[in-house]
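Here the structure is laid out as structure tokens; the discussion comes afterwards.
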Amino acid sequence: MTPNPPDQYVDDRNLRARQRFWQYQRPPFDTVAWVLNLVHMPTGLRVLDAGCGNGEYLRGLRDRQVRAVGCDLSAGMLRAASHPALLNADIAALPVRDGAVDVVLAIHMLYHVPNRETALRELRRVLAAGGTCIAVTNGSQHTRSLRALVERAVREETPGWQMRPATHAFTAENAAAQLAAAFESVTCVRPASHSPVIFRNATVAADYIASLA
């Protein structure tokens with residue numbers, strides 16, 4: 001399986017399938033609120049959501065009365081984002097002036113970027129002095145139980161086949177070292193607790209797996 005092929009994000013259908021999967025966490029865990037609460041956001045704060053996808057975090061920012069701009073390489077994603085300030089651009093070449101924003105969000109997207117070093121320098125460039133970049137990714141054991149089920153099924157025809165996480169290039173285990181190349185101070189924060197995903201409809205899991213490849 002080749003996770004995240006080039007046509008993965010022509011629109012937001014695959015992303016919606018993955019977002020739907022996490023709605024089955026029990027007890028529910030509001031990832032958007034947890035991430036946005038990591039930094040104080042007073043009224044009028046300037047925020048860039050780099051790799052904003054279909055606008056899940058932009059909707060969370062809307063209630064905080066900040067000045068948020070979304071940016072994504074996929075025009076199809078931006079059509080689904082439904083936000084008044086959007087940029088169709090590559091994170092490695094942001095059309096944003098130096099020091100223009102107070103907070104940059106890079107949520108579950110840096111593992112997709114071919115040249116992360118350049119992208120991280122761009123995120124640092126657009127941050128004002130004293131600004132904060134919030135980069136979110138998964139750990140290496142992400143969805144390990146589900147991947148084990150898929151591997152067991154596929155290995156009946158293809159012995160030794162592995163389903164490697166799409167995030168392997170930028171995980172909770174190796175992200176700090178990469179971020180440190182662009183940022184003077186890097187702090188790793190993990191949720192205090194973990195909510196398992198519990199579903200009774202196999203279609204939810206099947207749609208999640210199908211969305212990856």
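Chain labels run A, B, ... following the order of the structure tokens; each chain numbers its residues from 1, and ligands are numbered from 1 in the order shown.
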
Please identify every residue of region 159-185 of chain A that has at least one atom no farther than 9 Å from an atom of region 126-139 of chain A, counting only C-alpha atoms, and for each give the shortest atom pair and the distance in Å to one decimal, arranged by chain then increasing number, as a tab-separated table.
```
residue	atom	partner	partner_atom	distance
A:Thr167	CA	A:Asn138	CA	6.8
A:His168	CA	A:Gly139	CA	8.4
A:Phe170	CA	A:Thr137	CA	7.0
A:Thr171	CA	A:Gly139	CA	5.2
A:Ala172	CA	A:Gly139	CA	4.6
A:Glu173	CA	A:Gly139	CA	6.4
A:Ala175	CA	A:Thr137	CA	8.0
A:Leu179	CA	A:Ala135	CA	8.7
A:Phe183	CA	A:Cys133	CA	8.8
```

Selected residues, N, CA, C and O atoms, written as a CSV table (one decimal), in the first residue's frame, please.
```csv
chain,number,residue,atom,x,y,z
A,167,THR,N,2.5,8.6,8.5
A,167,THR,CA,3.2,9.6,9.3
A,167,THR,C,4.6,9.3,9.7
A,167,THR,O,5.3,10.0,10.4
A,168,HIS,N,5.2,8.2,9.2
A,168,HIS,CA,6.4,7.7,9.6
A,168,HIS,C,7.6,8.7,9.5
A,168,HIS,O,8.6,8.7,10.2
A,170,PHE,N,7.5,11.9,10.0
A,170,PHE,CA,7.4,13.0,11.0
A,170,PHE,C,6.4,12.5,12.1
A,170,PHE,O,5.2,12.7,12.0
A,171,THR,N,7.0,11.9,13.0
A,171,THR,CA,6.2,11.3,14.1
A,171,THR,C,6.5,12.0,15.4
A,171,THR,O,7.4,12.8,15.6
A,172,ALA,N,5.7,11.6,16.5
A,172,ALA,CA,5.9,12.2,17.8
A,172,ALA,C,7.3,11.8,18.3
A,172,ALA,O,7.9,12.5,19.1
A,173,GLU,N,7.9,10.7,17.8
A,173,GLU,CA,9.2,10.3,18.2
A,173,GLU,C,10.3,11.1,17.5
A,173,GLU,O,11.4,11.3,18.1
A,175,ALA,N,9.8,14.1,15.5
A,175,ALA,CA,9.5,15.5,15.1
A,175,ALA,C,10.3,16.6,15.8
A,175,ALA,O,10.7,17.6,15.1
A,179,LEU,N,12.0,19.8,14.1
A,179,LEU,CA,11.6,21.2,14.4
A,179,LEU,C,12.7,22.0,14.9
A,179,LEU,O,12.8,23.2,14.7
A,183,PHE,N,13.5,26.1,14.9
A,183,PHE,CA,13.0,26.8,16.1
A,183,PHE,C,13.9,26.6,17.3
A,183,PHE,O,14.4,25.5,17.5
```

Would you mind listing what lies within 10 Å of Ala68 (chain A) as a list in words, with only C-alpha atoms counted and same-chain residues fewer than 4 positions away left out?
->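 Near Ala68 (chain A), the qualifying residues are Gly44, Leu45, Arg46, Val47, Leu48, Asp49, Tyr57, Leu58, Arg59, Leu61, Arg62, Arg64, His83, Pro84, Ala85, Leu86, Val101, Val103 and Val104 of chain A.
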
Residue subset to file, keeping all heavy atoms, as a short mmCIF file (atom, residue, chain, number, x, y, z; two decimals), in the first residue's frame:
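Wrote selection-v7.cif, looks like this:
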```
data_model
loop_
_atom_site.label_atom_id
_atom_site.label_comp_id
_atom_site.auth_asym_id
_atom_site.auth_seq_id
_atom_site.Cartn_x
_atom_site.Cartn_y
_atom_site.Cartn_z
N GLY A 44 -8.21 39.19 18.32
CA GLY A 44 -7.38 39.89 17.34
C GLY A 44 -6.06 39.23 17.02
O GLY A 44 -5.32 39.71 16.14
N LEU A 45 -5.74 38.13 17.70
CA LEU A 45 -4.49 37.43 17.40
C LEU A 45 -4.47 36.99 15.94
O LEU A 45 -5.48 36.58 15.39
CB LEU A 45 -4.37 36.20 18.31
CG LEU A 45 -2.99 35.55 18.41
CD1 LEU A 45 -2.10 36.36 19.34
CD2 LEU A 45 -3.11 34.12 18.93
N ARG A 46 -3.29 37.06 15.31
CA ARG A 46 -3.14 36.68 13.91
C ARG A 46 -2.69 35.22 13.82
O ARG A 46 -1.63 34.87 14.34
CB ARG A 46 -2.13 37.60 13.22
CG ARG A 46 -2.48 39.08 13.26
CD ARG A 46 -1.29 39.93 12.90
NE ARG A 46 -0.17 39.72 13.82
CZ ARG A 46 1.05 40.24 13.64
NH1 ARG A 46 1.33 40.96 12.56
NH2 ARG A 46 2.01 40.00 14.53
N VAL A 47 -3.50 34.39 13.17
CA VAL A 47 -3.23 32.95 13.12
C VAL A 47 -3.23 32.47 11.67
O VAL A 47 -4.13 32.80 10.89
CB VAL A 47 -4.30 32.15 13.90
CG1 VAL A 47 -3.99 30.66 13.86
CG2 VAL A 47 -4.38 32.64 15.35
N LEU A 48 -2.21 31.69 11.30
CA LEU A 48 -2.16 31.04 9.99
C LEU A 48 -2.31 29.54 10.18
O LEU A 48 -1.52 28.92 10.90
CB LEU A 48 -0.82 31.33 9.29
CG LEU A 48 -0.57 30.57 7.98
CD1 LEU A 48 -1.58 31.00 6.91
CD2 LEU A 48 0.86 30.77 7.49
N ASP A 49 -3.33 28.97 9.57
CA ASP A 49 -3.51 27.51 9.59
C ASP A 49 -2.93 26.96 8.30
O ASP A 49 -3.56 27.00 7.24
CB ASP A 49 -5.01 27.18 9.71
CG ASP A 49 -5.26 25.68 9.87
OD1 ASP A 49 -4.29 24.91 9.81
OD2 ASP A 49 -6.43 25.29 10.03
N TYR A 57 -10.07 23.22 11.86
CA TYR A 57 -9.49 24.10 12.87
C TYR A 57 -9.88 25.55 12.65
O TYR A 57 -9.98 26.33 13.60
CB TYR A 57 -7.97 23.93 12.89
CG TYR A 57 -7.56 22.66 13.59
CD1 TYR A 57 -7.59 21.43 12.91
CD2 TYR A 57 -7.21 22.65 14.93
CE1 TYR A 57 -7.25 20.25 13.56
CE2 TYR A 57 -6.87 21.47 15.58
CZ TYR A 57 -6.91 20.28 14.89
OH TYR A 57 -6.60 19.11 15.53
N LEU A 58 -10.11 25.94 11.42
CA LEU A 58 -10.59 27.29 11.15
C LEU A 58 -11.95 27.51 11.80
O LEU A 58 -12.24 28.59 12.32
CB LEU A 58 -10.67 27.53 9.64
CG LEU A 58 -9.34 27.61 8.89
CD1 LEU A 58 -9.58 27.67 7.39
CD2 LEU A 58 -8.53 28.83 9.36
N ARG A 59 -12.79 26.49 11.79
CA ARG A 59 -14.09 26.61 12.45
C ARG A 59 -13.92 26.74 13.96
O ARG A 59 -14.66 27.48 14.62
CB ARG A 59 -14.97 25.40 12.10
CG ARG A 59 -15.47 25.44 10.66
CD ARG A 59 -16.46 24.32 10.36
NE ARG A 59 -15.80 23.03 10.21
CZ ARG A 59 -15.24 22.60 9.09
NH1 ARG A 59 -15.25 23.36 8.00
NH2 ARG A 59 -14.66 21.40 9.01
N LEU A 61 -11.36 28.15 15.38
CA LEU A 61 -10.80 29.48 15.60
C LEU A 61 -11.86 30.57 15.49
O LEU A 61 -11.74 31.63 16.10
CB LEU A 61 -9.68 29.75 14.60
CG LEU A 61 -8.39 28.97 14.81
CD1 LEU A 61 -7.50 29.05 13.57
CD2 LEU A 61 -7.64 29.49 16.04
N ARG A 62 -12.89 30.31 14.71
CA ARG A 62 -13.92 31.31 14.45
C ARG A 62 -14.56 31.80 15.76
O ARG A 62 -14.86 32.99 15.92
CB ARG A 62 -14.98 30.72 13.52
CG ARG A 62 -15.86 31.72 12.83
CD ARG A 62 -16.70 31.03 11.76
NE ARG A 62 -15.85 30.44 10.72
CZ ARG A 62 -16.26 29.50 9.88
NH1 ARG A 62 -17.48 29.00 9.97
NH2 ARG A 62 -15.44 29.04 8.96
N ARG A 64 -13.20 32.06 18.55
CA ARG A 64 -12.22 32.71 19.43
C ARG A 64 -11.92 34.14 19.03
O ARG A 64 -11.06 34.79 19.63
CB ARG A 64 -10.94 31.87 19.48
CG ARG A 64 -11.19 30.48 20.09
CD ARG A 64 -10.01 29.56 19.96
NE ARG A 64 -10.37 28.23 20.45
CZ ARG A 64 -9.86 27.68 21.55
NH1 ARG A 64 -8.96 28.32 22.27
NH2 ARG A 64 -10.26 26.48 21.94
N HIS A 83 -14.29 29.42 4.48
CA HIS A 83 -13.72 30.43 5.37
C HIS A 83 -13.42 31.67 4.54
O HIS A 83 -13.02 31.55 3.38
CB HIS A 83 -12.44 29.88 6.02
CG HIS A 83 -11.84 30.77 7.04
ND1 HIS A 83 -12.36 30.92 8.31
CD2 HIS A 83 -10.75 31.59 7.00
CE1 HIS A 83 -11.63 31.78 9.00
NE2 HIS A 83 -10.63 32.19 8.22
N PRO A 84 -13.60 32.86 5.09
CA PRO A 84 -13.45 34.08 4.28
C PRO A 84 -12.02 34.41 3.86
O PRO A 84 -11.81 35.16 2.91
CB PRO A 84 -14.01 35.18 5.20
CG PRO A 84 -13.93 34.63 6.58
CD PRO A 84 -14.13 33.15 6.43
N ALA A 85 -11.00 33.87 4.56
CA ALA A 85 -9.61 34.20 4.23
C ALA A 85 -8.83 32.92 3.97
O ALA A 85 -8.45 32.21 4.91
CB ALA A 85 -8.97 34.99 5.38
N LEU A 86 -8.60 32.62 2.68
CA LEU A 86 -7.94 31.38 2.29
C LEU A 86 -6.87 31.63 1.24
O LEU A 86 -7.03 32.49 0.37
CB LEU A 86 -8.97 30.38 1.73
CG LEU A 86 -10.05 29.89 2.69
CD1 LEU A 86 -11.12 29.12 1.92
CD2 LEU A 86 -9.45 29.02 3.79
N VAL A 101 2.38 36.79 11.35
CA VAL A 101 1.38 36.13 12.20
C VAL A 101 1.96 35.82 13.58
O VAL A 101 3.17 35.71 13.77
CB VAL A 101 0.84 34.84 11.55
CG1 VAL A 101 0.13 35.15 10.24
CG2 VAL A 101 1.96 33.83 11.32
N VAL A 103 0.64 33.13 15.52
CA VAL A 103 0.57 31.68 15.71
C VAL A 103 0.47 31.00 14.36
O VAL A 103 -0.30 31.44 13.49
CB VAL A 103 -0.66 31.29 16.57
CG1 VAL A 103 -0.80 29.76 16.66
CG2 VAL A 103 -0.55 31.88 17.98
N VAL A 104 1.24 29.95 14.16
CA VAL A 104 1.12 29.11 12.97
C VAL A 104 0.69 27.72 13.40
O VAL A 104 1.28 27.14 14.32
CB VAL A 104 2.46 29.02 12.20
CG1 VAL A 104 2.36 27.96 11.11
CG2 VAL A 104 2.83 30.35 11.58
#
```

Which neighbours of Trp34 (chain A) fall inside 12 Å, counting only C-alpha atoms, when residues of the same chain fewer than 5 positions from it are skipped, and could you give them as a ChimeraX atom specification?
-> /A:28-29,39-40,57,60,134,136,189-193

Tell me, which residues of region 46-212 of chain A carry DSSP alpha helix (DSSP H), written as an MDAnalysis selection string?
-> chainID A and resid 56:62 75:81 116:126 144:154 175:179 202:212

With C-alpha atoms retained, export the selected residues as a compact mmCIF listing (two decimals), in the first residue's frame.
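Okay, this is what ended up in result_13.txt:
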```
# COMPACT_ATOMS: atom_id res chain seq x y z
CA GLU A 56 -11.88 21.91 10.87
CA TYR A 57 -9.49 24.10 12.87
CA LEU A 58 -10.59 27.29 11.15
CA ARG A 59 -14.09 26.61 12.45
CA GLY A 60 -12.66 26.18 15.93
CA LEU A 61 -10.80 29.48 15.60
CA ARG A 62 -13.92 31.31 14.45
CA ALA A 75 -8.00 23.89 -4.17
CA GLY A 76 -10.55 21.13 -3.56
CA MET A 77 -9.84 21.25 0.16
CA LEU A 78 -10.21 25.02 0.22
CA ARG A 79 -13.61 24.78 -1.46
CA ALA A 80 -14.77 22.66 1.47
CA ALA A 81 -13.19 24.92 4.10
CA ARG A 116 10.20 19.60 5.48
CA GLU A 117 13.36 21.57 6.18
CA THR A 118 12.29 24.28 3.73
CA ALA A 119 8.71 24.19 5.00
CA LEU A 120 9.80 24.59 8.62
CA ARG A 121 11.97 27.57 7.71
CA GLU A 122 8.93 29.13 6.04
CA LEU A 123 6.79 28.58 9.14
CA ARG A 124 9.49 30.24 11.23
CA ARG A 125 9.84 33.12 8.76
CA VAL A 126 6.19 34.18 8.86
CA ARG A 144 -1.55 -0.14 15.49
CA SER A 145 -4.48 -2.44 16.32
CA LEU A 146 -6.32 -1.59 13.12
CA ARG A 147 -3.19 -1.93 11.02
CA ALA A 148 -2.57 -5.36 12.56
CA LEU A 149 -6.03 -6.50 11.42
CA VAL A 150 -5.37 -5.29 7.87
CA GLU A 151 -1.93 -6.91 7.78
CA ARG A 152 -3.39 -10.23 8.97
CA ALA A 153 -5.93 -10.20 6.14
CA VAL A 154 -3.51 -9.13 3.40
CA ALA A 175 9.46 15.48 15.08
CA ALA A 176 11.27 17.44 17.80
CA ALA A 177 14.67 16.98 16.19
CA GLN A 178 13.33 18.18 12.84
CA LEU A 179 11.58 21.18 14.39
CA ALA A 202 -17.15 -2.22 10.12
CA THR A 203 -17.88 0.26 7.32
CA VAL A 204 -16.36 3.05 9.42
CA ALA A 205 -13.04 1.20 9.66
CA ALA A 206 -13.19 0.08 6.03
CA ASP A 207 -13.75 3.66 4.86
CA TYR A 208 -10.81 4.82 6.98
CA ILE A 209 -8.48 2.22 5.43
CA ALA A 210 -9.75 2.91 1.91
CA SER A 211 -9.13 6.64 2.40
CA LEU A 212 -5.41 6.06 2.86
```

Determine, counting only C-alpha atoms, which protein, DNA and RNA residues have an atom within 7 Å of an atom of Met109 (chain A); residues of the same chain fewer than 3 positions away are not included. Present the result as a PyMOL selection string.
-> chain A and resi 51+106+112

Shell of 12 Å around Gln23 (chain A), only C-alpha atoms, local chain residues under 2 positions omitted, as a ChimeraX atom specification | /A:16-21,25-31,195-199,204-205,208

Point-to-point distance in Å for CA of Arg164 (chain A) and CA of Asn201 (chain A) =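 One can read the CA of Asn201 (chain A) to CA of Arg164 (chain A) distance as 23.9 Å.
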
Could you please write out, as a list in words, every residue of region 85-191 of chain A that DSSP assigns to strand (DSSP E)?
->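 Those in region 85-191 of chain A that DSSP calls strand (DSSP E) are Leu86, Leu87, Asn88, Val101, Asp102, Val103, Val104, Leu105, Ala106, Ile107, Leu127, Ala128, Ala129, Gly130, Gly131, Thr132, Cys133, Ile134, Ala135 and Val136 of chain A.
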
Can you write just those residues out, N, CA and C atoms, as an mmCIF file, in the first residue's frame?
```
data_model
loop_
_atom_site.group_PDB
_atom_site.id
_atom_site.type_symbol
_atom_site.label_atom_id
_atom_site.label_comp_id
_atom_site.auth_asym_id
_atom_site.auth_seq_id
_atom_site.Cartn_x
_atom_site.Cartn_y
_atom_site.Cartn_z
ATOM 1 N N LEU A 86 -8.600 32.624 2.677
ATOM 2 C CA LEU A 86 -7.944 31.380 2.288
ATOM 3 C C LEU A 86 -6.865 31.635 1.244
ATOM 4 N N LEU A 87 -5.775 30.879 1.325
ATOM 5 C CA LEU A 87 -4.686 30.961 0.365
ATOM 6 C C LEU A 87 -4.454 29.587 -0.255
ATOM 7 N N ASN A 88 -4.375 29.531 -1.575
ATOM 8 C CA ASN A 88 -4.030 28.300 -2.271
ATOM 9 C C ASN A 88 -2.519 28.350 -2.550
ATOM 10 N N VAL A 101 2.379 36.787 11.353
ATOM 11 C CA VAL A 101 1.383 36.127 12.199
ATOM 12 C C VAL A 101 1.956 35.821 13.584
ATOM 13 N N ASP A 102 1.060 35.669 14.532
ATOM 14 C CA ASP A 102 1.452 35.386 15.912
ATOM 15 C C ASP A 102 1.487 33.889 16.206
ATOM 16 N N VAL A 103 0.641 33.133 15.520
ATOM 17 C CA VAL A 103 0.566 31.682 15.715
ATOM 18 C C VAL A 103 0.465 31.000 14.355
ATOM 19 N N VAL A 104 1.238 29.951 14.160
ATOM 20 C CA VAL A 104 1.121 29.115 12.967
ATOM 21 C C VAL A 104 0.692 27.717 13.404
ATOM 22 N N LEU A 105 -0.335 27.204 12.751
ATOM 23 C CA LEU A 105 -0.764 25.829 12.979
ATOM 24 C C LEU A 105 -0.293 24.962 11.820
ATOM 25 N N ALA A 106 0.303 23.826 12.138
ATOM 26 C CA ALA A 106 0.684 22.836 11.119
ATOM 27 C C ALA A 106 0.165 21.496 11.648
ATOM 28 N N ILE A 107 -1.107 21.241 11.411
ATOM 29 C CA ILE A 107 -1.811 20.140 12.062
ATOM 30 C C ILE A 107 -1.881 18.912 11.151
ATOM 31 N N LEU A 127 6.404 33.861 11.290
ATOM 32 C CA LEU A 127 6.057 34.098 12.688
ATOM 33 C C LEU A 127 6.671 35.405 13.189
ATOM 34 N N ALA A 128 5.874 36.164 13.920
ATOM 35 C CA ALA A 128 6.391 37.361 14.580
ATOM 36 C C ALA A 128 7.298 36.957 15.730
ATOM 37 N N ALA A 129 8.114 37.888 16.192
ATOM 38 C CA ALA A 129 8.983 37.626 17.343
ATOM 39 C C ALA A 129 8.129 37.199 18.534
ATOM 40 N N GLY A 130 8.534 36.114 19.178
ATOM 41 C CA GLY A 130 7.764 35.611 20.312
ATOM 42 C C GLY A 130 6.562 34.780 19.923
ATOM 43 N N GLY A 131 6.393 34.529 18.622
ATOM 44 C CA GLY A 131 5.253 33.754 18.142
ATOM 45 C C GLY A 131 5.399 32.270 18.427
ATOM 46 N N THR A 132 4.324 31.535 18.151
ATOM 47 C CA THR A 132 4.293 30.102 18.451
ATOM 48 C C THR A 132 3.859 29.300 17.231
ATOM 49 N N CYS A 133 4.565 28.226 16.970
ATOM 50 C CA CYS A 133 4.162 27.262 15.949
ATOM 51 C C CYS A 133 3.676 26.002 16.652
ATOM 52 N N ILE A 134 2.472 25.570 16.314
ATOM 53 C CA ILE A 134 1.940 24.326 16.862
ATOM 54 C C ILE A 134 1.920 23.291 15.747
ATOM 55 N N ALA A 135 2.788 22.306 15.851
ATOM 56 C CA ALA A 135 2.852 21.225 14.861
ATOM 57 C C ALA A 135 2.327 19.958 15.516
ATOM 58 N N VAL A 136 1.351 19.331 14.898
ATOM 59 C CA VAL A 136 0.720 18.144 15.468
ATOM 60 C C VAL A 136 0.960 16.945 14.560
#
```

Nearest to Val35 (chain A) by atom-to-atom distance, counting only C-alpha atoms, from A:Ser82, A:His108, A:Arg13, A:Asp98 | A:His108
